[in-house]
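As provided, work.cif (mmCIF, C-alpha atoms) reads as follows.
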```
data_entry
loop_
_atom_site.label_atom_id
_atom_site.label_comp_id
_atom_site.auth_asym_id
_atom_site.auth_seq_id
_atom_site.Cartn_x
_atom_site.Cartn_y
_atom_site.Cartn_z
CA MET A 1 -19.27 66.67 -21.10
CA ALA A 2 -22.29 65.23 -22.90
CA ALA A 3 -21.90 64.04 -26.47
CA HIS A 4 -23.87 65.75 -29.24
CA ALA A 5 -25.28 64.20 -32.41
CA LYS A 6 -24.38 65.74 -35.75
CA LEU A 7 -28.10 66.00 -36.47
CA SER A 8 -29.17 66.82 -32.95
CA ALA A 9 -32.71 67.31 -31.70
CA SER A 10 -31.82 70.69 -30.23
CA GLY A 11 -30.57 71.84 -33.64
CA ALA A 12 -33.41 70.27 -35.63
CA HIS A 13 -35.11 73.63 -36.22
CA ARG A 14 -31.97 74.58 -38.14
CA TRP A 15 -30.99 71.48 -40.13
CA LEU A 16 -34.56 70.58 -41.07
CA ALA A 17 -35.18 74.06 -42.51
CA CYS A 18 -31.65 74.55 -43.88
CA PRO A 19 -29.94 71.20 -44.65
CA GLY A 20 -26.88 73.02 -45.95
CA SER A 21 -26.19 74.47 -42.49
CA VAL A 22 -24.78 71.14 -41.28
CA ALA A 23 -21.76 71.18 -43.61
CA ALA A 24 -21.45 74.95 -43.21
CA GLU A 25 -21.18 74.73 -39.42
CA GLN A 26 -18.64 71.92 -39.60
CA ALA A 27 -16.25 74.30 -41.37
CA MET A 28 -16.55 76.96 -38.66
CA PRO A 29 -14.25 77.10 -35.61
CA ARG A 30 -15.82 75.81 -32.42
CA GLY A 31 -16.68 78.52 -29.93
CA GLY A 32 -16.75 78.08 -26.19
CA SER A 33 -19.81 77.95 -24.00
CA SER A 34 -21.62 81.16 -23.08
CA PRO A 35 -22.72 82.27 -19.58
CA TYR A 36 -26.33 81.88 -20.71
CA ALA A 37 -25.76 78.31 -21.86
CA ASP A 38 -23.97 77.46 -18.60
CA GLU A 39 -26.82 78.98 -16.61
CA GLY A 40 -29.32 76.88 -18.55
CA SER A 41 -27.28 73.72 -17.99
CA MET A 42 -27.11 74.50 -14.28
CA ALA A 43 -30.90 74.90 -14.14
CA HIS A 44 -31.35 71.54 -15.87
CA GLU A 45 -29.00 69.83 -13.44
CA LEU A 46 -30.88 71.38 -10.52
CA ALA A 47 -34.21 70.17 -11.91
CA GLU A 48 -32.88 66.65 -12.42
CA ALA A 49 -31.42 66.56 -8.91
CA ALA A 50 -34.68 67.68 -7.31
CA LEU A 51 -36.83 65.30 -9.37
CA SER A 52 -34.51 62.32 -8.92
CA HIS A 53 -34.07 62.74 -5.17
CA GLY A 54 -37.71 63.51 -4.46
CA GLY A 55 -37.00 66.77 -2.64
CA ASN A 56 -37.28 70.36 -3.77
CA CYS A 57 -34.88 72.82 -5.34
CA TYR A 58 -34.45 74.82 -2.14
CA ALA A 59 -32.49 71.93 -0.62
CA PHE A 60 -29.70 72.88 -3.06
CA GLU A 61 -29.77 76.64 -2.42
CA GLY A 62 -26.29 77.99 -1.71
CA ARG A 63 -24.70 74.67 -2.68
CA TYR A 64 -22.51 73.76 -5.63
CA LEU A 65 -23.86 71.20 -8.07
CA GLU A 66 -21.75 68.30 -9.30
CA HIS A 67 -21.23 69.32 -12.93
CA TYR A 68 -22.20 72.94 -13.54
CA ASN A 69 -20.68 74.48 -10.45
CA ALA A 70 -19.14 77.82 -11.39
CA SER A 71 -21.31 79.37 -8.69
CA PRO A 72 -23.62 78.16 -5.91
CA VAL A 73 -27.32 77.71 -6.64
CA ALA A 74 -29.13 81.03 -6.16
CA ARG A 75 -32.56 81.49 -4.60
CA GLU A 76 -33.93 82.95 -7.81
CA MET A 77 -33.01 79.82 -9.78
CA CYS A 78 -34.63 77.67 -7.09
CA ASP A 79 -37.85 79.68 -7.39
CA TYR A 80 -38.10 79.29 -11.15
CA VAL A 81 -36.93 75.69 -11.47
CA GLN A 82 -39.25 74.61 -8.64
CA GLU A 83 -42.21 75.77 -10.76
CA TYR A 84 -41.08 73.34 -13.46
CA VAL A 85 -40.45 70.55 -10.95
CA ASP A 86 -43.96 70.97 -9.50
CA PHE A 87 -45.46 70.82 -12.99
CA VAL A 88 -43.60 67.63 -13.88
CA ARG A 89 -44.59 65.93 -10.64
CA GLY A 90 -48.19 66.86 -11.33
CA LEU A 91 -48.13 64.71 -14.48
CA GLY A 92 -47.73 61.54 -12.40
CA GLY A 93 -47.15 58.17 -14.05
CA GLU A 94 -43.78 56.64 -14.83
CA GLN A 95 -41.10 59.29 -15.31
CA GLU A 96 -37.57 59.37 -16.68
CA TYR A 97 -35.23 62.35 -16.30
CA GLU A 98 -32.42 63.46 -18.63
CA GLN A 99 -33.17 60.38 -20.69
CA ARG A 100 -31.15 59.65 -23.82
CA VAL A 101 -33.43 58.78 -26.74
CA SER A 102 -32.44 57.51 -30.16
CA TYR A 103 -34.16 58.31 -33.46
CA GLU A 104 -31.39 56.87 -35.65
CA GLN A 105 -33.92 54.64 -37.41
CA TRP A 106 -34.86 57.80 -39.32
CA VAL A 107 -31.79 60.01 -38.83
CA PRO A 108 -28.32 58.42 -39.08
CA GLY A 109 -26.58 58.79 -35.71
CA GLY A 110 -29.56 60.70 -34.37
CA PHE A 111 -30.00 60.91 -30.61
CA GLY A 112 -30.71 63.45 -27.92
CA THR A 113 -31.37 63.86 -24.23
CA ALA A 114 -34.95 64.59 -23.21
CA ASP A 115 -35.42 66.54 -19.97
CA VAL A 116 -38.45 64.50 -18.93
CA ILE A 117 -40.37 61.62 -20.47
CA ALA A 118 -43.51 60.64 -18.59
CA TYR A 119 -46.03 57.90 -19.35
CA ALA A 120 -49.47 57.93 -17.75
CA ASP A 121 -52.90 56.71 -18.89
CA ARG A 122 -51.69 55.69 -22.36
CA THR A 123 -50.29 59.21 -22.84
CA LEU A 124 -46.64 59.97 -23.54
CA TYR A 125 -45.41 63.34 -22.25
CA VAL A 126 -42.20 64.93 -23.49
CA CYS A 127 -41.24 67.95 -21.37
CA ASP A 128 -38.51 70.46 -22.14
CA LEU A 129 -37.28 73.08 -19.68
CA LYS A 130 -36.15 76.34 -21.29
CA TYR A 131 -34.47 78.50 -18.64
CA GLY A 132 -33.63 81.40 -20.93
CA LYS A 133 -35.86 84.45 -21.11
CA GLY A 134 -34.87 85.89 -24.48
CA VAL A 135 -36.94 83.89 -26.97
CA ARG A 136 -40.40 82.49 -26.33
CA VAL A 137 -40.74 78.91 -27.62
CA ASP A 138 -44.01 77.16 -28.43
CA ALA A 139 -44.69 73.43 -28.32
CA GLU A 140 -46.83 73.14 -31.45
CA ARG A 141 -44.92 71.06 -33.99
CA ASN A 142 -41.70 71.85 -32.14
CA PRO A 143 -39.08 69.71 -33.95
CA GLN A 144 -36.94 69.10 -30.87
CA GLY A 145 -39.91 67.83 -28.86
CA MET A 146 -41.17 65.78 -31.80
CA LEU A 147 -37.81 64.05 -32.24
CA TYR A 148 -37.70 63.22 -28.53
CA ALA A 149 -41.24 61.87 -28.84
CA LEU A 150 -40.22 59.83 -31.89
CA GLY A 151 -37.35 58.21 -29.99
CA ALA A 152 -39.53 57.56 -26.94
CA LEU A 153 -42.27 56.01 -29.08
CA ALA A 154 -39.78 53.73 -30.84
CA GLU A 155 -38.47 52.57 -27.46
CA ARG A 156 -41.98 51.67 -26.28
CA ASP A 157 -43.17 50.10 -29.54
CA GLY A 158 -44.89 46.83 -28.75
CA ILE A 159 -44.35 47.28 -25.01
CA GLU A 160 -46.58 50.13 -23.82
CA PRO A 161 -49.65 51.32 -25.76
CA VAL A 162 -49.63 55.05 -26.53
CA ASP A 163 -52.78 56.83 -27.71
CA ARG A 164 -51.68 60.44 -27.21
CA VAL A 165 -48.42 62.35 -27.32
CA VAL A 166 -48.11 65.67 -25.48
CA VAL A 167 -45.12 67.94 -26.07
CA VAL A 168 -44.56 70.51 -23.32
CA ILE A 169 -42.29 73.56 -23.35
CA HIS A 170 -41.87 75.14 -19.90
CA GLN A 171 -40.25 78.58 -19.65
CA PRO A 172 -40.68 79.64 -16.01
CA ARG A 173 -38.78 82.93 -16.37
CA LEU A 174 -41.27 83.98 -19.05
CA ASP A 175 -44.24 82.55 -17.15
CA HIS A 176 -44.90 80.47 -20.26
CA ILE A 177 -46.11 76.87 -20.49
CA SER A 178 -46.96 75.63 -23.98
CA GLU A 179 -48.55 72.21 -24.62
CA TRP A 180 -49.31 70.51 -27.91
CA GLU A 181 -51.21 67.26 -28.22
CA THR A 182 -50.78 64.94 -31.17
CA THR A 183 -50.86 61.21 -31.99
CA PRO A 184 -48.18 58.58 -32.55
CA GLU A 185 -49.43 58.28 -36.13
CA GLU A 186 -48.74 61.94 -36.84
CA ILE A 187 -45.28 61.69 -35.30
CA TYR A 188 -44.40 58.66 -37.43
CA GLN A 189 -45.78 60.31 -40.57
CA TRP A 190 -43.64 63.38 -39.90
CA ALA A 191 -40.62 61.11 -39.34
CA ASP A 192 -40.68 60.03 -43.01
CA TRP A 193 -40.16 63.64 -44.06
CA VAL A 194 -37.45 64.05 -41.39
CA SER A 195 -35.63 61.05 -42.85
CA GLU A 196 -35.53 62.73 -46.28
CA ARG A 197 -34.25 66.01 -44.82
CA ALA A 198 -31.58 64.19 -42.81
CA ALA A 199 -30.28 62.39 -45.91
CA LEU A 200 -30.13 65.73 -47.70
CA ALA A 201 -28.32 67.41 -44.79
CA LEU A 202 -25.68 64.68 -44.75
CA SER A 203 -25.14 64.72 -48.51
CA GLY A 204 -22.55 67.49 -48.25
CA ASP A 205 -23.92 69.68 -51.03
CA ALA A 206 -27.33 70.56 -49.62
CA GLU A 207 -28.88 73.93 -50.33
CA ARG A 208 -28.66 76.68 -47.72
CA VAL A 209 -32.06 78.17 -46.96
CA PRO A 210 -31.96 81.42 -44.95
CA GLY A 211 -34.70 82.08 -42.42
CA GLU A 212 -35.16 83.80 -39.08
CA SER A 213 -35.41 80.63 -36.98
CA GLN A 214 -32.67 78.54 -38.59
CA CYS A 215 -30.21 81.43 -38.88
CA ARG A 216 -30.56 82.79 -35.34
CA TRP A 217 -28.03 80.47 -33.65
CA CYS A 218 -26.19 79.14 -36.72
CA ALA A 219 -22.41 79.34 -36.34
CA ALA A 220 -22.03 79.86 -40.11
CA GLN A 221 -24.32 82.91 -40.13
CA PRO A 222 -21.64 85.64 -40.52
CA THR A 223 -20.00 84.03 -43.58
CA CYS A 224 -23.05 82.43 -45.22
CA PRO A 225 -23.30 83.53 -48.90
CA ALA A 226 -26.96 82.47 -49.10
CA LEU A 227 -27.89 84.73 -46.17
CA ARG A 228 -25.81 87.57 -47.60
CA ASP A 229 -27.54 87.28 -51.00
CA HIS A 230 -30.95 86.97 -49.37
CA THR A 231 -30.32 90.12 -47.33
CA GLN A 232 -29.19 92.04 -50.39
CA ARG A 233 -32.30 91.03 -52.32
CA ILE A 234 -34.52 92.22 -49.49
CA VAL A 235 -32.74 95.53 -49.00
CA MET A 236 -32.65 96.31 -52.73
CA ARG A 237 -36.12 94.97 -53.60
CA ASP A 238 -38.06 97.69 -55.40
CA PHE A 239 -35.78 100.34 -53.95
CA ASP A 240 -33.64 100.82 -57.07
CA ASP A 241 -35.28 104.09 -58.03
CA MET A 242 -34.63 105.67 -54.65
CA ASP A 243 -31.53 107.56 -53.62
CA GLY A 244 -29.89 106.35 -50.41
CA ALA A 245 -31.96 104.81 -47.63
CA PRO A 246 -35.66 105.54 -48.35
CA ALA A 247 -37.71 107.19 -45.63
CA PRO A 248 -40.31 104.81 -44.15
CA ASP A 249 -43.21 107.08 -45.15
CA LYS A 250 -42.08 106.85 -48.77
CA LEU A 251 -42.39 103.06 -48.90
CA SER A 252 -45.45 101.16 -50.06
CA ASP A 253 -47.26 98.80 -47.71
CA GLU A 254 -45.73 95.85 -49.56
CA GLN A 255 -42.22 97.28 -49.15
CA LEU A 256 -42.83 97.95 -45.47
CA ARG A 257 -44.09 94.38 -45.03
CA VAL A 258 -40.99 92.91 -46.67
CA VAL A 259 -38.74 94.89 -44.33
CA MET A 260 -40.79 94.00 -41.23
CA ASP A 261 -40.93 90.29 -42.11
CA ASN A 262 -37.15 90.15 -42.42
CA LYS A 263 -36.04 92.70 -39.81
CA ALA A 264 -34.87 90.14 -37.24
CA LEU A 265 -33.08 88.06 -39.87
CA ILE A 266 -31.18 91.03 -41.31
CA ALA A 267 -30.36 92.53 -37.90
CA GLY A 268 -29.17 89.11 -36.67
CA TRP A 269 -26.91 88.71 -39.70
CA LEU A 270 -25.39 92.19 -39.23
CA ASP A 271 -24.74 91.45 -35.54
CA ALA A 272 -23.16 88.10 -36.42
CA VAL A 273 -20.86 89.72 -39.00
CA GLU A 274 -19.77 92.33 -36.44
CA GLN A 275 -19.10 89.66 -33.82
CA HIS A 276 -17.16 87.54 -36.34
CA VAL A 277 -14.84 90.45 -37.14
CA ALA A 278 -14.44 91.22 -33.42
CA ASP A 279 -13.57 87.57 -32.73
CA ARG A 280 -10.88 87.62 -35.41
CA LEU A 281 -9.34 90.76 -33.94
CA THR A 282 -9.55 89.31 -30.44
CA SER A 283 -7.64 86.24 -31.59
CA GLY A 284 -4.77 88.47 -32.74
CA GLU A 285 -5.60 88.82 -36.45
CA THR A 286 -5.72 92.15 -38.25
CA PHE A 287 -8.72 93.37 -40.21
CA SER A 288 -8.27 96.30 -42.59
CA GLY A 289 -10.27 99.34 -41.56
CA TYR A 290 -11.09 98.20 -38.02
CA LYS A 291 -9.36 97.78 -34.66
CA LEU A 292 -10.21 96.99 -31.06
CA VAL A 293 -10.28 99.88 -28.59
CA GLU A 294 -11.22 100.24 -24.95
CA GLY A 295 -14.90 100.96 -24.46
CA ARG A 296 -16.52 103.19 -21.87
CA SER A 297 -15.64 102.21 -18.32
CA VAL A 298 -17.59 102.89 -15.13
CA ARG A 299 -15.85 103.57 -11.83
CA ARG A 300 -16.38 101.02 -9.06
CA TRP A 301 -15.13 100.35 -5.54
CA ALA A 302 -11.83 98.47 -5.44
CA ASP A 303 -12.88 96.92 -2.11
CA GLU A 304 -16.63 97.23 -1.52
CA GLN A 305 -16.51 96.08 2.10
CA GLN A 306 -13.80 98.63 2.99
CA ALA A 307 -15.70 101.39 1.17
CA GLU A 308 -18.88 100.43 3.01
CA GLN A 309 -17.11 100.76 6.36
CA VAL A 310 -15.58 104.16 5.53
CA LEU A 311 -18.85 105.58 4.18
CA ALA A 312 -20.89 104.20 7.05
CA ASP A 313 -18.52 105.88 9.54
CA SER A 314 -18.79 109.18 7.68
CA LEU A 315 -22.41 109.22 6.48
CA GLY A 316 -24.22 106.76 8.67
CA ALA A 317 -27.53 105.56 7.18
CA ASP A 318 -27.10 108.00 4.27
CA ALA A 319 -24.40 105.74 2.88
CA PHE A 320 -27.09 103.31 1.74
CA GLU A 321 -30.01 103.48 -0.67
CA ARG A 322 -33.34 101.85 0.15
CA LYS A 323 -35.75 100.57 -2.48
CA LEU A 324 -39.12 98.90 -1.98
CA LEU A 325 -39.27 95.30 -3.16
CA SER A 326 -41.23 94.65 -6.35
CA PRO A 327 -44.48 92.64 -5.99
CA ALA A 328 -42.78 89.55 -7.46
CA LYS A 329 -39.80 89.72 -5.08
CA ALA A 330 -42.07 90.44 -2.11
CA GLU A 331 -44.22 87.39 -2.86
CA LYS A 332 -41.14 85.18 -3.11
CA ALA A 333 -39.76 86.57 0.15
CA LEU A 334 -43.03 86.05 2.04
CA GLY A 335 -43.99 82.69 0.60
CA LYS A 336 -47.32 81.68 -0.94
CA VAL A 337 -49.38 81.80 2.27
CA LYS A 338 -48.37 85.25 3.52
CA ALA A 339 -48.23 86.66 -0.03
CA LYS A 340 -52.02 86.36 -0.25
CA ASP A 341 -52.29 89.38 2.07
CA LEU A 342 -50.59 91.52 -0.60
CA GLN A 343 -53.07 90.94 -3.40
CA ASP A 344 -55.22 93.99 -2.62
CA LEU A 345 -52.10 96.16 -2.80
CA ILE A 346 -51.06 94.97 -6.27
CA VAL A 347 -52.35 96.22 -9.61
CA LYS A 348 -51.35 95.10 -13.08
CA PRO A 349 -51.80 97.97 -15.54
CA PRO A 350 -52.10 97.22 -19.27
CA GLY A 351 -48.76 96.63 -20.92
CA LYS A 352 -47.47 99.12 -23.44
CA PRO A 353 -48.53 98.31 -27.01
CA VAL A 354 -45.99 96.27 -28.96
CA LEU A 355 -45.90 95.42 -32.65
CA ALA A 356 -46.36 91.69 -33.30
CA ARG A 357 -47.03 89.44 -36.25
CA GLU A 358 -50.65 88.77 -37.19
CA SER A 359 -50.16 85.10 -36.24
CA ASP A 360 -49.53 86.10 -32.60
CA LYS A 361 -52.24 84.66 -30.32
CA ARG A 362 -52.68 87.85 -28.29
CA LYS A 363 -55.75 89.97 -28.95
CA ALA A 364 -55.22 92.99 -31.20
CA ILE A 365 -55.62 96.47 -29.69
CA SER A 366 -58.19 98.53 -31.56
CA GLY A 367 -58.56 102.27 -31.78
CA LYS A 368 -56.09 105.12 -31.91
CA ILE A 369 -53.06 104.92 -29.60
CA CYS A 370 -50.88 107.79 -28.41
CA PRO A 371 -47.33 107.41 -29.89
CA SER A 372 -45.78 107.88 -26.43
CA GLU A 373 -47.46 104.67 -25.30
CA PHE A 374 -45.78 102.58 -27.99
CA ASP A 375 -43.12 100.08 -26.86
CA ASN A 376 -40.66 97.76 -28.55
CA ILE A 377 -41.30 95.75 -31.66
CA GLU A 378 -41.38 91.99 -31.17
#
```
For the structure just supplied, provide its representation as structure tokens.
Amino acid sequence: MAAHAKLSASGAHRWLACPGSVAAEQAMPRGGSSPYADEGSMAHELAEAALSHGGNCYAFEGRYLEHYNASPVAREMCDYVQEYVDFVRGLGGEQEYEQRVSYEQWVPGGFGTADVIAYADRTLYVCDLKYGKGVRVDAERNPQGMLYALGALAERDGIEPVDRVVVVIHQPRLDHISEWETTPEEIYQWADWVSERAALALSGDAERVPGESQCRWCAAQPTCPALRDHTQRIVMRDFDDMDGAPAPDKLSDEQLRVVMDNKALIAGWLDAVEQHVADRLTSGETFSGYKLVEGRSVRRWADEQQAEQVLADSLGADAFERKLLSPAKAEKALGKVKAKDLQDLIVKPPGKPVLARESDKRKAISGKICPSEFDNIE
């Protein structure tokens, strides 16, 4: 199992924004890995194997990898990771994969493992594969990418000239590639501020600063007094003269904005509190007022193959359901060449309107919209 730095690059978005989270997390019990994290680790191992051996991801389809091998490599993972592999190869130059980089000159004990570091035409590329599809990540001033770049620059100092630094975030399952270009000078200037934040984070009595990004994956979230107080201030702000939960149409625009700006943070905290209580009950503790009960269960076949045989004998073809492949699955099944024949059969209607922050780069929809067309809030 790979070692992790106390002030890791992957956790930099948290400890840079909330230095107090470092000591807070140290006091929390260590949880196990999640299926999503294992899936991401498996995708990274597949990418490294394909890039290092010079082949493609499909050579590993149906096989078990060396480290993350709870299941064989699926075709879907091959499809997505191959997109990333093709992108990396397109950069050319000298490339290093799963490369450990150190930035301890600025952060005591600071190191991390960069997915890809490439050097071509006096340009340093730092590429990060994100296999998850829950949260879209952008490269601009991304602290994880910048710390990897800092370590890579320090390693090349006086050896290879670097004029440009390009941080790349590749999320194939979201069809998202984000690139941000900067200079070594800007990275080094930023590093001075990072050094100050690191010293504060390691001081042991650093302030906790709640925020959507830093709180999202923080282990101390459910018991954090700063987040609790912050949530209470938001919920009670200007609502003192109202009885119970105020109706949305009774709130001012400023009140609505406060709620919208903090919706994800508050909802995340409430979910974390609920999970924390559930974890305590699961471990055998008692918690006054709550208990664990069996949830809704759905019937399933005890032996699917046996059921298939019995139903096929009795119902024939009616024992099975048929469903037309989606355009995406059809294209993958046919391959790039044959898939071209499908293009005239495919349409992409406008997506349902979603509520997004004003800083979102997508173009705003103007005019009146039917309420039935409205989708989720991002």
Taking all atoms of segment 160-164 of chain A that the file lists, what box with edges along x, y and z, padded by 6 Å per side, do you get, with centre and edge lengths in Å to one decimal, as AutoDock Vina command-line options?
```
--center_x -49.7 --center_y 55.3 --center_z -25.8 --size_x 18.2 --size_y 22.3 --size_z 15.9
```
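The nearest approach to Val167 of chain A among the residues A:Cys127, A:Leu150, A:Ala206, A:Val194, with only C-alpha atoms taken into account, belongs to A:Cys127.
Atom CA of Arg164 of chain A lies 4.7 Å from atom CA of Thr123 of chain A.
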* To do: Skip segment 10-14 of chain A itself and residues of its chain fewer than 4 positions away, then list as a ChimeraX atom specification all residues within 10 Å of it, counting all atoms listed in the file.
  => /A:4-6,18-22,111-114,142-148,194,198,209-218
* **Near-Tyr84 of chain A list (8 Å; all atoms listed in the file; drop same-chain fewer than 6 positions) as a PyMOL selection string** => chain A and resi 47+129+170+172
* What do you get, as a PyMOL selection string, if you spell out every residue that the PyMOL selection byres ((chain A and resi 96-103) around 8) selects here? -> chain A and resi 48+51-52+94-95+104-107+109-118+147-148+150-152+154
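Checking A:Thr231, A:Val277, A:Asp138, A:Leu174 one by one against Lys361 of chain A, counting only C-alpha atoms, you find the shortest gap at A:Asp138.
Our summary of the geometry notes that atom CA of Arg89 of chain A is positioned 18.7 Å from atom CA of Lys336 of chain A.
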With a distance cut-off of 9 Å and all atoms listed in the file, select the neighbouring residues of Val162 of chain A, excluding the residue or stretch itself and same-chain residues fewer than 4 positions from it, and output the selection as a compact mmCIF listing (two decimals) with C-alpha atoms, in the frame of the given file.
```txt
# COMPACT_ATOMS: atom_id res chain seq x y z
CA TYR A 119 -46.03 57.90 -19.35
CA ASP A 121 -52.90 56.71 -18.89
CA ARG A 122 -51.69 55.69 -22.36
CA THR A 123 -50.29 59.21 -22.84
CA LEU A 124 -46.64 59.97 -23.54
CA LEU A 153 -42.27 56.01 -29.08
CA ARG A 156 -41.98 51.67 -26.28
CA ASP A 157 -43.17 50.10 -29.54
CA THR A 183 -50.86 61.21 -31.99
CA PRO A 184 -48.18 58.58 -32.55
```
* A:Val135, A:Ile365, A:Ala37, A:Leu65 ranked by distance to Gly351 of chain A, top pick (using only C-alpha atoms) -> A:Ile365
* Once you count all atoms listed in the file, which residues end up no further than 10 Å from (-48.3, 95.2, -7.0) in the file's frame, shown as a ChimeraX atom specification? -> /A:325-328,330-331,342-349
* Asked: Taking the file as shown, what set of residues would the PyMOL selection byres ((chain A and resi 276) around 12) give back, as a ChimeraX atom specification?
  -> /A:28-29,31,219-224,269-275,277-283,285,287
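Taking atom CA of Asn69 of chain A and atom CA of Met42 of chain A as the two end points, the separation is 7.5 Å.
In terms of minimum interatomic distance to Glu179 of chain A, A:Glu140 ranks closest within A:Ala149, A:Glu140, A:Gly40, A:Asp360, counting only C-alpha atoms.
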* To do: Compile the contact shell of Val73 of chain A as a ChimeraX atom specification: residues with an atom at most 6 Å away, counting all atoms listed in the file, same-chain residues fewer than 2 positions apart removed.
  => /A:61-63
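Distances to Asn56 of chain A were evaluated for A:His176, A:Trp193, A:Arg322, A:Val85 using only C-alpha atoms, and the minimum falls at A:Val85.
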* Could you tell me which residues the PyMOL selection byres ((chain A and resi 76) around 10) returns for this structure, as a ChimeraX atom specification? => /A:58,61,73-75,77-82,173,329,332
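Of the residues under consideration (A:Ile369, A:Val165, A:Val337, A:Leu292), A:Val165 shows the shortest atom-to-atom contact distance to Tyr125 of chain A when counting all atoms listed in the file.
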Would you mind writing segment 70-87 of chain A with N, CA and C atoms, as a compact mmCIF listing (two decimals), in the coordinates of the input?
```
# COMPACT_ATOMS: atom_id res chain seq x y z
N ALA A 70 -19.94 76.59 -11.40
CA ALA A 70 -19.14 77.82 -11.39
C ALA A 70 -19.57 78.73 -10.25
N SER A 71 -20.80 78.57 -9.79
CA SER A 71 -21.31 79.37 -8.69
C SER A 71 -22.34 78.54 -7.92
N PRO A 72 -22.61 78.90 -6.67
CA PRO A 72 -23.62 78.16 -5.91
C PRO A 72 -25.02 78.45 -6.44
N VAL A 73 -25.94 77.56 -6.16
CA VAL A 73 -27.32 77.71 -6.64
C VAL A 73 -27.98 78.90 -5.93
N ALA A 74 -28.51 79.82 -6.71
CA ALA A 74 -29.13 81.03 -6.16
C ALA A 74 -30.61 80.80 -5.87
N ARG A 75 -31.15 81.61 -4.96
CA ARG A 75 -32.56 81.49 -4.60
C ARG A 75 -33.46 81.71 -5.81
N GLU A 76 -33.10 82.66 -6.65
CA GLU A 76 -33.93 82.95 -7.81
C GLU A 76 -34.06 81.74 -8.72
N MET A 77 -32.95 81.02 -8.95
CA MET A 77 -33.01 79.82 -9.78
C MET A 77 -33.88 78.76 -9.12
N CYS A 78 -33.78 78.63 -7.81
CA CYS A 78 -34.63 77.67 -7.09
C CYS A 78 -36.10 77.98 -7.30
N ASP A 79 -36.45 79.27 -7.22
CA ASP A 79 -37.85 79.68 -7.39
C ASP A 79 -38.38 79.27 -8.76
N TYR A 80 -37.63 79.57 -9.79
CA TYR A 80 -38.10 79.29 -11.15
C TYR A 80 -38.11 77.80 -11.47
N VAL A 81 -37.03 77.12 -11.13
CA VAL A 81 -36.93 75.69 -11.47
C VAL A 81 -37.95 74.88 -10.66
N GLN A 82 -38.26 75.32 -9.45
CA GLN A 82 -39.25 74.61 -8.64
C GLN A 82 -40.62 74.63 -9.32
N GLU A 83 -40.94 75.72 -10.02
CA GLU A 83 -42.21 75.77 -10.76
C GLU A 83 -42.27 74.64 -11.78
N TYR A 84 -41.16 74.42 -12.47
CA TYR A 84 -41.08 73.34 -13.46
C TYR A 84 -41.16 71.97 -12.79
N VAL A 85 -40.44 71.82 -11.69
CA VAL A 85 -40.45 70.55 -10.95
C VAL A 85 -41.86 70.21 -10.48
N ASP A 86 -42.58 71.19 -9.96
CA ASP A 86 -43.96 70.97 -9.50
C ASP A 86 -44.85 70.55 -10.66
N PHE A 87 -44.65 71.17 -11.81
CA PHE A 87 -45.46 70.82 -12.99
C PHE A 87 -45.21 69.38 -13.40
```
